[in-house]
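Dumped coords16.pdb below, it's PDB, C-alpha atoms:
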```
ATOM      1  CA  MET A 219      13.718 -11.748  -0.769  1.00  0.00           C
ATOM      2  CA  SER A 220      15.068 -11.469  -4.207  1.00  0.00           C
ATOM      3  CA  ALA A 221      14.873  -8.521  -6.524  1.00  0.00           C
ATOM      4  CA  GLU A 222      13.810 -10.973  -9.218  1.00  0.00           C
ATOM      5  CA  SER A 223      10.841 -12.458  -7.335  1.00  0.00           C
ATOM      6  CA  LEU A 224       9.563  -9.040  -6.267  1.00  0.00           C
ATOM      7  CA  HIS A 225       9.968  -7.683  -9.799  1.00  0.00           C
ATOM      8  CA  ALA A 226       8.203 -10.711 -11.286  1.00  0.00           C
ATOM      9  CA  SER A 227       5.300 -10.421  -8.828  1.00  0.00           C
ATOM     10  CA  ALA A 228       4.864  -6.677  -9.458  1.00  0.00           C
ATOM     11  CA  THR A 229       4.963  -7.199 -13.217  1.00  0.00           C
ATOM     12  CA  ALA A 230       2.444 -10.059 -13.055  1.00  0.00           C
ATOM     13  CA  LEU A 231       0.062  -8.087 -10.824  1.00  0.00           C
ATOM     14  CA  LEU A 232       0.111  -5.076 -13.129  1.00  0.00           C
ATOM     15  CA  THR A 233      -0.178  -7.226 -16.261  1.00  0.00           C
ATOM     16  CA  GLU A 234      -3.242  -9.051 -14.884  1.00  0.00           C
ATOM     17  CA  TRP A 235      -4.885  -5.886 -13.515  1.00  0.00           C
ATOM     18  CA  ALA A 236      -7.652  -4.461 -15.711  1.00  0.00           C
ATOM     19  CA  PRO A 237      -8.432  -0.971 -14.354  1.00  0.00           C
ATOM     20  CA  ALA A 238     -11.643   0.662 -15.552  1.00  0.00           C
ATOM     21  CA  GLU A 239     -10.547   4.307 -15.365  1.00  0.00           C
ATOM     22  CA  PRO A 240      -8.369   5.871 -18.102  1.00  0.00           C
ATOM     23  CA  GLY A 241      -6.046   7.437 -15.508  1.00  0.00           C
ATOM     24  CA  GLU A 242      -5.493   4.072 -13.864  1.00  0.00           C
ATOM     25  CA  ARG A 243      -4.819   2.429 -17.223  1.00  0.00           C
ATOM     26  CA  SER A 244      -2.211   5.093 -17.947  1.00  0.00           C
ATOM     27  CA  LEU A 245      -0.619   4.599 -14.511  1.00  0.00           C
ATOM     28  CA  ARG A 246      -0.570   0.829 -15.084  1.00  0.00           C
ATOM     29  CA  GLU A 247       1.285   1.276 -18.378  1.00  0.00           C
ATOM     30  CA  ALA A 248       3.746   3.743 -16.836  1.00  0.00           C
ATOM     31  CA  MET A 249       4.476   1.341 -13.970  1.00  0.00           C
ATOM     32  CA  LEU A 250       5.004  -1.560 -16.370  1.00  0.00           C
ATOM     33  CA  ALA A 251       7.372   0.601 -18.442  1.00  0.00           C
ATOM     34  CA  PHE A 252       9.253   1.549 -15.269  1.00  0.00           C
ATOM     35  CA  LEU A 253       9.602  -2.109 -14.274  1.00  0.00           C
ATOM     36  CA  GLY A 254      10.721  -2.960 -17.823  1.00  0.00           C
ATOM     37  CA  SER A 255      13.647  -0.590 -17.422  1.00  0.00           C
ATOM     38  CA  ALA A 256      14.383  -1.100 -13.717  1.00  0.00           C
ATOM     39  CA  PRO A 257      15.164  -4.683 -12.685  1.00  0.00           C
ATOM     40  CA  LEU A 258      15.852  -3.418  -9.135  1.00  0.00           C
ATOM     41  CA  GLY A 259      12.751  -1.196  -9.113  1.00  0.00           C
ATOM     42  CA  CYS A 260      11.102  -2.997  -6.193  1.00  0.00           C
ATOM     43  CA  LEU A 261      13.985  -2.280  -3.826  1.00  0.00           C
ATOM     44  CA  ARG A 262      14.140   0.751  -1.558  1.00  0.00           C
ATOM     45  CA  ALA A 263      17.728   1.346  -2.664  1.00  0.00           C
ATOM     46  CA  HIS A 264      16.564   2.163  -6.214  1.00  0.00           C
ATOM     47  CA  ALA A 265      16.737   5.926  -5.701  1.00  0.00           C
ATOM     48  CA  PRO A 266      14.911   7.138  -8.852  1.00  0.00           C
ATOM     49  CA  GLY A 267      11.785   5.412  -7.543  1.00  0.00           C
ATOM     50  CA  HIS A 268      10.596   2.060  -6.305  1.00  0.00           C
ATOM     51  CA  VAL A 269       7.541  -0.125  -5.974  1.00  0.00           C
ATOM     52  CA  THR A 270       5.948  -0.078  -2.533  1.00  0.00           C
ATOM     53  CA  ALA A 271       3.212  -2.278  -1.083  1.00  0.00           C
ATOM     54  CA  SER A 272       0.050  -1.001   0.600  1.00  0.00           C
ATOM     55  CA  ALA A 273      -2.935  -2.578   2.296  1.00  0.00           C
ATOM     56  CA  VAL A 274      -6.356  -0.974   2.326  1.00  0.00           C
ATOM     57  CA  VAL A 275      -7.615  -2.672   5.495  1.00  0.00           C
ATOM     58  CA  PHE A 276     -11.392  -2.970   5.794  1.00  0.00           C
ATOM     59  CA  SER A 277     -13.375  -4.061   8.821  1.00  0.00           C
ATOM     60  CA  HIS A 278     -14.933  -7.517   8.583  1.00  0.00           C
ATOM     61  CA  ASP A 279     -18.240  -5.990   7.423  1.00  0.00           C
ATOM     62  CA  GLY A 280     -16.632  -3.535   4.978  1.00  0.00           C
ATOM     63  CA  ARG A 281     -18.121  -0.491   6.727  1.00  0.00           C
ATOM     64  CA  GLU A 282     -14.862   0.918   8.039  1.00  0.00           C
ATOM     65  CA  VAL A 283     -11.316   1.332   6.806  1.00  0.00           C
ATOM     66  CA  LEU A 284      -8.197   1.449   8.985  1.00  0.00           C
ATOM     67  CA  LEU A 285      -6.050   4.520   8.352  1.00  0.00           C
ATOM     68  CA  THR A 286      -2.757   5.694   9.745  1.00  0.00           C
ATOM     69  CA  LEU A 287      -1.794   9.318  10.277  1.00  0.00           C
ATOM     70  CA  HIS A 288       1.578   9.106   8.588  1.00  0.00           C
ATOM     71  CA  PRO A 289       4.151  11.228  10.449  1.00  0.00           C
ATOM     72  CA  ARG A 290       6.194  12.086   7.345  1.00  0.00           C
ATOM     73  CA  VAL A 291       3.264  12.616   4.946  1.00  0.00           C
ATOM     74  CA  GLY A 292       1.035  14.374   7.503  1.00  0.00           C
ATOM     75  CA  ARG A 293      -2.212  12.845   6.169  1.00  0.00           C
ATOM     76  CA  TRP A 294      -4.424   9.874   6.822  1.00  0.00           C
ATOM     77  CA  ILE A 295      -3.425   7.089   4.431  1.00  0.00           C
ATOM     78  CA  GLN A 296      -3.596   3.309   4.062  1.00  0.00           C
ATOM     79  CA  LEU A 297      -1.021   1.069   5.724  1.00  0.00           C
ATOM     80  CA  GLY A 298       2.038  -0.013   3.789  1.00  0.00           C
ATOM     81  CA  GLY A 299       5.649   0.504   2.982  1.00  0.00           C
ATOM     82  CA  HIS A 300       8.778  -0.853   1.366  1.00  0.00           C
ATOM     83  CA  CYS A 301       9.449  -4.413   0.291  1.00  0.00           C
ATOM     84  CA  GLU A 302      11.892  -6.020   2.732  1.00  0.00           C
ATOM     85  CA  GLU A 303      14.061  -9.084   3.271  1.00  0.00           C
ATOM     86  CA  PRO A 304      11.351 -11.656   4.145  1.00  0.00           C
ATOM     87  CA  ASP A 305       9.052 -10.677   1.253  1.00  0.00           C
ATOM     88  CA  ALA A 306       9.005 -13.012  -1.748  1.00  0.00           C
ATOM     89  CA  THR A 307       6.244 -11.009  -3.461  1.00  0.00           C
ATOM     90  CA  VAL A 308       4.752  -7.534  -3.295  1.00  0.00           C
ATOM     91  CA  ALA A 309       1.562  -9.100  -1.847  1.00  0.00           C
ATOM     92  CA  ASP A 310       3.673 -10.636   0.946  1.00  0.00           C
ATOM     93  CA  ALA A 311       5.099  -7.179   1.663  1.00  0.00           C
ATOM     94  CA  ALA A 312       1.626  -5.606   1.813  1.00  0.00           C
ATOM     95  CA  LEU A 313       0.339  -8.208   4.264  1.00  0.00           C
ATOM     96  CA  ARG A 314       3.463  -7.977   6.428  1.00  0.00           C
ATOM     97  CA  GLU A 315       3.193  -4.182   6.548  1.00  0.00           C
ATOM     98  CA  ALA A 316      -0.523  -4.380   7.403  1.00  0.00           C
ATOM     99  CA  VAL A 317       0.106  -6.732  10.338  1.00  0.00           C
ATOM    100  CA  GLU A 318       3.130  -4.750  11.588  1.00  0.00           C
ATOM    101  CA  GLU A 319       1.418  -1.364  11.374  1.00  0.00           C
ATOM    102  CA  SER A 320      -2.005  -2.449  12.650  1.00  0.00           C
ATOM    103  CA  GLY A 321      -1.052  -4.989  15.304  1.00  0.00           C
ATOM    104  CA  ILE A 322      -3.954  -7.114  14.020  1.00  0.00           C
ATOM    105  CA  PRO A 323      -3.244 -10.812  13.430  1.00  0.00           C
ATOM    106  CA  ASP A 324      -5.230 -12.976  11.025  1.00  0.00           C
ATOM    107  CA  LEU A 325      -5.707 -10.330   8.333  1.00  0.00           C
ATOM    108  CA  VAL A 326      -6.877 -11.756   5.004  1.00  0.00           C
ATOM    109  CA  LEU A 327      -5.426 -10.397   1.764  1.00  0.00           C
ATOM    110  CA  GLU A 328      -7.642 -10.713  -1.304  1.00  0.00           C
ATOM    111  CA  PRO A 329      -5.873 -11.991  -4.420  1.00  0.00           C
ATOM    112  CA  GLY A 330      -5.059  -9.573  -7.205  1.00  0.00           C
ATOM    113  CA  LEU A 331      -4.364  -5.881  -7.308  1.00  0.00           C
ATOM    114  CA  TYR A 332      -6.867  -3.505  -5.685  1.00  0.00           C
ATOM    115  CA  GLY A 333      -5.340  -0.402  -7.243  1.00  0.00           C
ATOM    116  CA  ALA A 334      -2.199   1.620  -7.795  1.00  0.00           C
ATOM    117  CA  GLN A 335      -0.963   5.093  -6.916  1.00  0.00           C
ATOM    118  CA  ALA A 336       2.214   7.102  -7.473  1.00  0.00           C
ATOM    119  CA  HIS A 337       3.539   9.507  -4.844  1.00  0.00           C
ATOM    120  CA  PRO A 338       6.521  11.854  -4.892  1.00  0.00           C
ATOM    121  CA  ILE A 339       8.113  11.556  -1.444  1.00  0.00           C
ATOM    122  CA  THR A 340      11.309  11.876   0.499  1.00  0.00           C
ATOM    123  CA  CYS A 341      11.379   8.483   2.162  1.00  0.00           C
ATOM    124  CA  SER A 342      14.058   6.814   4.256  1.00  0.00           C
ATOM    125  CA  LEU A 343      16.626   7.371   1.497  1.00  0.00           C
ATOM    126  CA  GLY A 344      16.698  11.026   2.562  1.00  0.00           C
ATOM    127  CA  GLN A 345      16.329  12.304  -0.990  1.00  0.00           C
ATOM    128  CA  PRO A 346      13.319  12.941  -3.196  1.00  0.00           C
ATOM    129  CA  THR A 347      12.064   9.813  -4.918  1.00  0.00           C
ATOM    130  CA  ARG A 348       8.783   8.322  -6.113  1.00  0.00           C
ATOM    131  CA  HIS A 349       6.762   5.528  -4.543  1.00  0.00           C
ATOM    132  CA  LEU A 350       4.952   3.431  -7.118  1.00  0.00           C
ATOM    133  CA  ASP A 351       2.408   1.980  -4.759  1.00  0.00           C
ATOM    134  CA  LEU A 352       0.620  -1.305  -5.426  1.00  0.00           C
ATOM    135  CA  LEU A 353      -2.513  -1.585  -3.267  1.00  0.00           C
ATOM    136  CA  PHE A 354      -4.189  -4.710  -1.949  1.00  0.00           C
ATOM    137  CA  ARG A 355      -7.568  -5.126  -0.288  1.00  0.00           C
ATOM    138  CA  VAL A 356      -7.268  -6.675   3.165  1.00  0.00           C
ATOM    139  CA  THR A 357     -10.056  -7.691   5.549  1.00  0.00           C
ATOM    140  CA  ALA A 358      -9.733  -7.714   9.328  1.00  0.00           C
ATOM    141  CA  PRO A 359     -11.403 -10.351  11.497  1.00  0.00           C
ATOM    142  CA  PRO A 360     -14.497  -9.426  13.546  1.00  0.00           C
ATOM    143  CA  GLY A 361     -13.646  -7.432  16.671  1.00  0.00           C
ATOM    144  CA  ALA A 362     -10.172  -6.462  15.433  1.00  0.00           C
ATOM    145  CA  VAL A 363      -8.575  -3.830  17.669  1.00  0.00           C
ATOM    146  CA  PRO A 364      -5.658  -1.972  16.081  1.00  0.00           C
ATOM    147  CA  VAL A 365      -2.498  -1.199  18.040  1.00  0.00           C
ATOM    148  CA  ARG A 366      -0.506   1.804  16.835  1.00  0.00           C
ATOM    149  CA  SER A 367       3.116   1.140  15.933  1.00  0.00           C
ATOM    150  CA  ASP A 368       6.044   3.563  16.071  1.00  0.00           C
ATOM    151  CA  GLU A 369       5.532   4.139  12.333  1.00  0.00           C
ATOM    152  CA  SER A 370       2.279   6.017  12.918  1.00  0.00           C
ATOM    153  CA  ALA A 371       1.295   9.276  14.611  1.00  0.00           C
ATOM    154  CA  ASP A 372      -2.237   7.858  15.000  1.00  0.00           C
ATOM    155  CA  LEU A 373      -4.169   4.811  13.869  1.00  0.00           C
ATOM    156  CA  ARG A 374      -7.918   4.306  13.813  1.00  0.00           C
ATOM    157  CA  TRP A 375     -10.972   2.911  12.085  1.00  0.00           C
ATOM    158  CA  TRP A 376     -12.944   5.377   9.953  1.00  0.00           C
ATOM    159  CA  ALA A 377     -16.456   4.876   8.618  1.00  0.00           C
ATOM    160  CA  ILE A 378     -16.326   4.663   4.820  1.00  0.00           C
ATOM    161  CA  ASP A 379     -18.791   7.554   4.541  1.00  0.00           C
ATOM    162  CA  ALA A 380     -17.037   9.730   7.181  1.00  0.00           C
ATOM    163  CA  LEU A 381     -13.353   9.798   6.265  1.00  0.00           C
ATOM    164  CA  PRO A 382     -11.133  12.632   7.504  1.00  0.00           C
ATOM    165  CA  PRO A 383     -11.021  15.535   5.040  1.00  0.00           C
ATOM    166  CA  ASP A 384      -7.279  15.132   4.363  1.00  0.00           C
ATOM    167  CA  ALA A 385      -7.455  11.369   3.757  1.00  0.00           C
ATOM    168  CA  ASP A 386      -5.613  10.075   0.721  1.00  0.00           C
ATOM    169  CA  ILE A 387      -7.217   6.674   0.256  1.00  0.00           C
ATOM    170  CA  LEU A 388      -8.463   4.758  -2.765  1.00  0.00           C
ATOM    171  CA  LEU A 389     -11.888   3.233  -2.106  1.00  0.00           C
ATOM    172  CA  ARG A 390     -13.863   1.103  -4.558  1.00  0.00           C
TER
END
```
Conversion result in structure tokens:
Amino acid sequence: MSAESLHASATALLTEWAPAEPGERSLREAMLAFLGSAPLGCLRAHAPGHVTASAVVFSHDGREVLLTLHPRVGRWIQLGGHCEEPDATVADAALREAVEESGIPDLVLEPGLYGAQAHPITCSLGQPTRHLDLLFRVTAPPGAVPVRSDESADLRWWAIDALPPDADILLR
């Protein structure tokens, strides 16, 4: 991993992304401005905030989405986390996190950015920070059975039209 390759991939993804909603366009511009002033902004060690990578994992037929009950956040959310040593790009980080947290091999990541979110959080740094989350759409193979990791209080498939009431998930 290099701070430069992660930064370049995050900048390219956001530059190429054309969100339809005004709020998403504003978030896109804010994230690009952040990256313009923070060359190390994709690394967990960047305490004021950092880019994170998430995977919205859909079943092979697109009828269900895999959510984790995040122990720190206390809500059902998509899979994802920090960029780490083996990740050359933010997309690599999202796919790695999806496989690690779901236990499902052979996930397929669609090219391009699926969406973006910003979350105030106290993550592993132990102090308040902000996650600038880049989301990717990922599809699981038919018959995929998730296996909960230590990073999750629970992990399960949810029908798109029957999500838990406290879910914080971007669906398109």
Response to the item:
Computed gap from CA of Thr347 (chain A) to CA of Gly298 (chain A) is 16.5 Å
Fill in: Atom-to-atom span, CA of Arg293 (chain A) and CA of Asp386 (chain A), Å
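CA of Asp386 (chain A) lies at a distance of 7.0 Å from CA of Arg293 (chain A).
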Discussion item. I'd like to see the residues matched by the PyMOL selection byres ((chain A and resi 300-304) around 7) on this file, and ideally I'd get them as a PyMOL selection string.
Written reply: chain A and resi 219+260-262+270-271+299+305-306+308+311
Worksheet entry | Nearest candidate to Thr233 (chain A) (options A:Ser220, A:Thr307, A:Val356, A:Met249; using all atoms listed in the file) | A:Met249
Worksheet item: Near Gly333 (chain A), within 7 Å and counting all atoms listed in the file, which residues show up once chain neighbours fewer than 4 positions away are dropped, as a list in words?
Response: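 Here the qualifying residues turn out to be Leu352, Leu353 and Phe354 of chain A.
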How about saving the chosen residues, C-alpha atoms kept, as an mmCIF file, in the frame of the given file?
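Final file, again-v8.cif:
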```cif
data_model
loop_
_atom_site.group_PDB
_atom_site.id
_atom_site.type_symbol
_atom_site.label_atom_id
_atom_site.label_comp_id
_atom_site.auth_asym_id
_atom_site.auth_seq_id
_atom_site.Cartn_x
_atom_site.Cartn_y
_atom_site.Cartn_z
ATOM 1 C CA LEU A 352 0.620 -1.305 -5.426
ATOM 2 C CA LEU A 353 -2.513 -1.585 -3.267
ATOM 3 C CA PHE A 354 -4.189 -4.710 -1.949
#
```
Worksheet entry | Among the residues A:Val365, A:Ala377, A:Val275, A:Ala371, the one that comes closest to Glu328 (chain A) [using only C-alpha atoms] |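 Closest residue, counting only C-alpha atoms: A:Val275.
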Worksheet entry | Residue among A:Val283, A:Ala248, A:Glu242, A:Pro257 lying closest to His225 (chain A), counting all atoms listed in the file |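 Checking each candidate against His225 (chain A), we get A:Pro257 as the closest.
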Surrounding residues of Leu287 (chain A) excluding itself and chain neighbours under 6 positions, 10 Å, all atoms listed in the file, as a PDB file with C-alpha atoms, in the frame of the given file:
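Done, and the output landed in result_8.pdb:
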```
ATOM      1  CA  ARG A 293      -2.212  12.845   6.169  1.00  0.00           C
ATOM      2  CA  TRP A 294      -4.424   9.874   6.822  1.00  0.00           C
ATOM      3  CA  ILE A 295      -3.425   7.089   4.431  1.00  0.00           C
ATOM      4  CA  GLN A 296      -3.596   3.309   4.062  1.00  0.00           C
ATOM      5  CA  LEU A 297      -1.021   1.069   5.724  1.00  0.00           C
ATOM      6  CA  GLU A 369       5.532   4.139  12.333  1.00  0.00           C
ATOM      7  CA  SER A 370       2.279   6.017  12.918  1.00  0.00           C
ATOM      8  CA  ALA A 371       1.295   9.276  14.611  1.00  0.00           C
ATOM      9  CA  ASP A 372      -2.237   7.858  15.000  1.00  0.00           C
ATOM     10  CA  LEU A 373      -4.169   4.811  13.869  1.00  0.00           C
ATOM     11  CA  ARG A 374      -7.918   4.306  13.813  1.00  0.00           C
ATOM     12  CA  ASP A 384      -7.279  15.132   4.363  1.00  0.00           C
ATOM     13  CA  ALA A 385      -7.455  11.369   3.757  1.00  0.00           C
TER      14      ALA A 385
END
```
Practice prompt. Translate the PyMOL selection byres ((chain A and resi 265) around 12), as applied to the file shown, into an explicit residue set as a list in words.
Written response: Ala256, Leu258, Gly259, Cys260, Leu261, Arg262, Ala263, His264, Pro266, Gly267, His268, Val269, Pro338, Ile339, Thr340, Cys341, Ser342, Leu343, Gly344, Gln345, Pro346, Thr347, Arg348 and His349 of chain A
Complete region 318-342 of chain A at the level of N, CA and C atoms, written as an mmCIF file, in the frame of the given file.
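Done, and the output landed in out_8.cif:
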```cif
data_model
loop_
_atom_site.group_PDB
_atom_site.id
_atom_site.type_symbol
_atom_site.label_atom_id
_atom_site.label_comp_id
_atom_site.auth_asym_id
_atom_site.auth_seq_id
_atom_site.Cartn_x
_atom_site.Cartn_y
_atom_site.Cartn_z
ATOM 1 N N GLU A 318 2.191 -5.530 10.766
ATOM 2 C CA GLU A 318 3.130 -4.750 11.588
ATOM 3 C C GLU A 318 2.526 -3.419 12.021
ATOM 4 N N GLU A 319 1.902 -2.713 11.082
ATOM 5 C CA GLU A 319 1.418 -1.364 11.374
ATOM 6 C C GLU A 319 0.077 -1.340 12.088
ATOM 7 N N SER A 320 -0.688 -2.428 11.999
ATOM 8 C CA SER A 320 -2.005 -2.449 12.650
ATOM 9 C C SER A 320 -2.006 -3.211 13.964
ATOM 10 N N GLY A 321 -1.052 -4.132 14.130
ATOM 11 C CA GLY A 321 -1.052 -4.989 15.304
ATOM 12 C C GLY A 321 -2.166 -6.025 15.279
ATOM 13 N N ILE A 322 -2.825 -6.186 14.140
ATOM 14 C CA ILE A 322 -3.954 -7.114 14.020
ATOM 15 C C ILE A 322 -3.476 -8.409 13.349
ATOM 16 N N PRO A 323 -3.577 -9.543 14.072
ATOM 17 C CA PRO A 323 -3.244 -10.812 13.430
ATOM 18 C C PRO A 323 -4.417 -11.302 12.579
ATOM 19 N N ASP A 324 -4.179 -12.299 11.800
ATOM 20 C CA ASP A 324 -5.230 -12.976 11.025
ATOM 21 C C ASP A 324 -5.907 -12.090 9.983
ATOM 22 N N LEU A 325 -5.183 -11.114 9.444
ATOM 23 C CA LEU A 325 -5.707 -10.330 8.333
ATOM 24 C C LEU A 325 -5.754 -11.217 7.091
ATOM 25 N N VAL A 326 -6.731 -10.961 6.226
ATOM 26 C CA VAL A 326 -6.877 -11.756 5.004
ATOM 27 C C VAL A 326 -6.703 -10.843 3.794
ATOM 28 N N LEU A 327 -5.715 -11.167 2.973
ATOM 29 C CA LEU A 327 -5.426 -10.397 1.764
ATOM 30 C C LEU A 327 -6.161 -11.024 0.594
ATOM 31 N N GLU A 328 -6.948 -10.215 -0.112
ATOM 32 C CA GLU A 328 -7.642 -10.713 -1.304
ATOM 33 C C GLU A 328 -6.649 -10.822 -2.453
ATOM 34 N N PRO A 329 -6.804 -11.846 -3.295
ATOM 35 C CA PRO A 329 -5.873 -11.991 -4.420
ATOM 36 C C PRO A 329 -6.062 -10.875 -5.451
ATOM 37 N N GLY A 330 -5.002 -10.579 -6.147
ATOM 38 C CA GLY A 330 -5.059 -9.573 -7.205
ATOM 39 C C GLY A 330 -4.830 -8.173 -6.685
ATOM 40 N N LEU A 331 -4.642 -7.279 -7.624
ATOM 41 C CA LEU A 331 -4.364 -5.881 -7.308
ATOM 42 C C LEU A 331 -5.657 -5.110 -7.085
ATOM 43 N N TYR A 332 -5.710 -4.344 -6.017
ATOM 44 C CA TYR A 332 -6.867 -3.505 -5.685
ATOM 45 C C TYR A 332 -6.769 -2.158 -6.399
ATOM 46 N N GLY A 333 -5.555 -1.687 -6.579
ATOM 47 C CA GLY A 333 -5.340 -0.402 -7.243
ATOM 48 C C GLY A 333 -3.869 -0.046 -7.233
ATOM 49 N N ALA A 334 -3.572 1.133 -7.743
ATOM 50 C CA ALA A 334 -2.199 1.620 -7.795
ATOM 51 C C ALA A 334 -2.209 3.141 -7.648
ATOM 52 N N GLN A 335 -1.142 3.659 -7.073
ATOM 53 C CA GLN A 335 -0.963 5.093 -6.916
ATOM 54 C C GLN A 335 0.524 5.408 -7.077
ATOM 55 N N ALA A 336 0.829 6.643 -7.415
ATOM 56 C CA ALA A 336 2.214 7.102 -7.473
ATOM 57 C C ALA A 336 2.326 8.358 -6.623
ATOM 58 N N HIS A 337 3.367 8.401 -5.781
ATOM 59 C CA HIS A 337 3.539 9.507 -4.844
ATOM 60 C C HIS A 337 4.979 10.015 -4.868
ATOM 61 N N PRO A 338 5.174 11.303 -5.115
ATOM 62 C CA PRO A 338 6.521 11.854 -4.892
ATOM 63 C C PRO A 338 6.713 11.970 -3.381
ATOM 64 N N ILE A 339 7.882 11.566 -2.892
ATOM 65 C CA ILE A 339 8.113 11.556 -1.444
ATOM 66 C C ILE A 339 9.610 11.569 -1.174
ATOM 67 N N THR A 340 9.960 12.063 -0.018
ATOM 68 C CA THR A 340 11.309 11.876 0.499
ATOM 69 C C THR A 340 11.173 10.812 1.571
ATOM 70 N N CYS A 341 11.544 9.592 1.221
ATOM 71 C CA CYS A 341 11.379 8.483 2.162
ATOM 72 C C CYS A 341 12.679 8.282 2.933
ATOM 73 N N SER A 342 12.905 7.095 3.409
ATOM 74 C CA SER A 342 14.058 6.814 4.256
ATOM 75 C C SER A 342 15.398 6.965 3.536
#
```
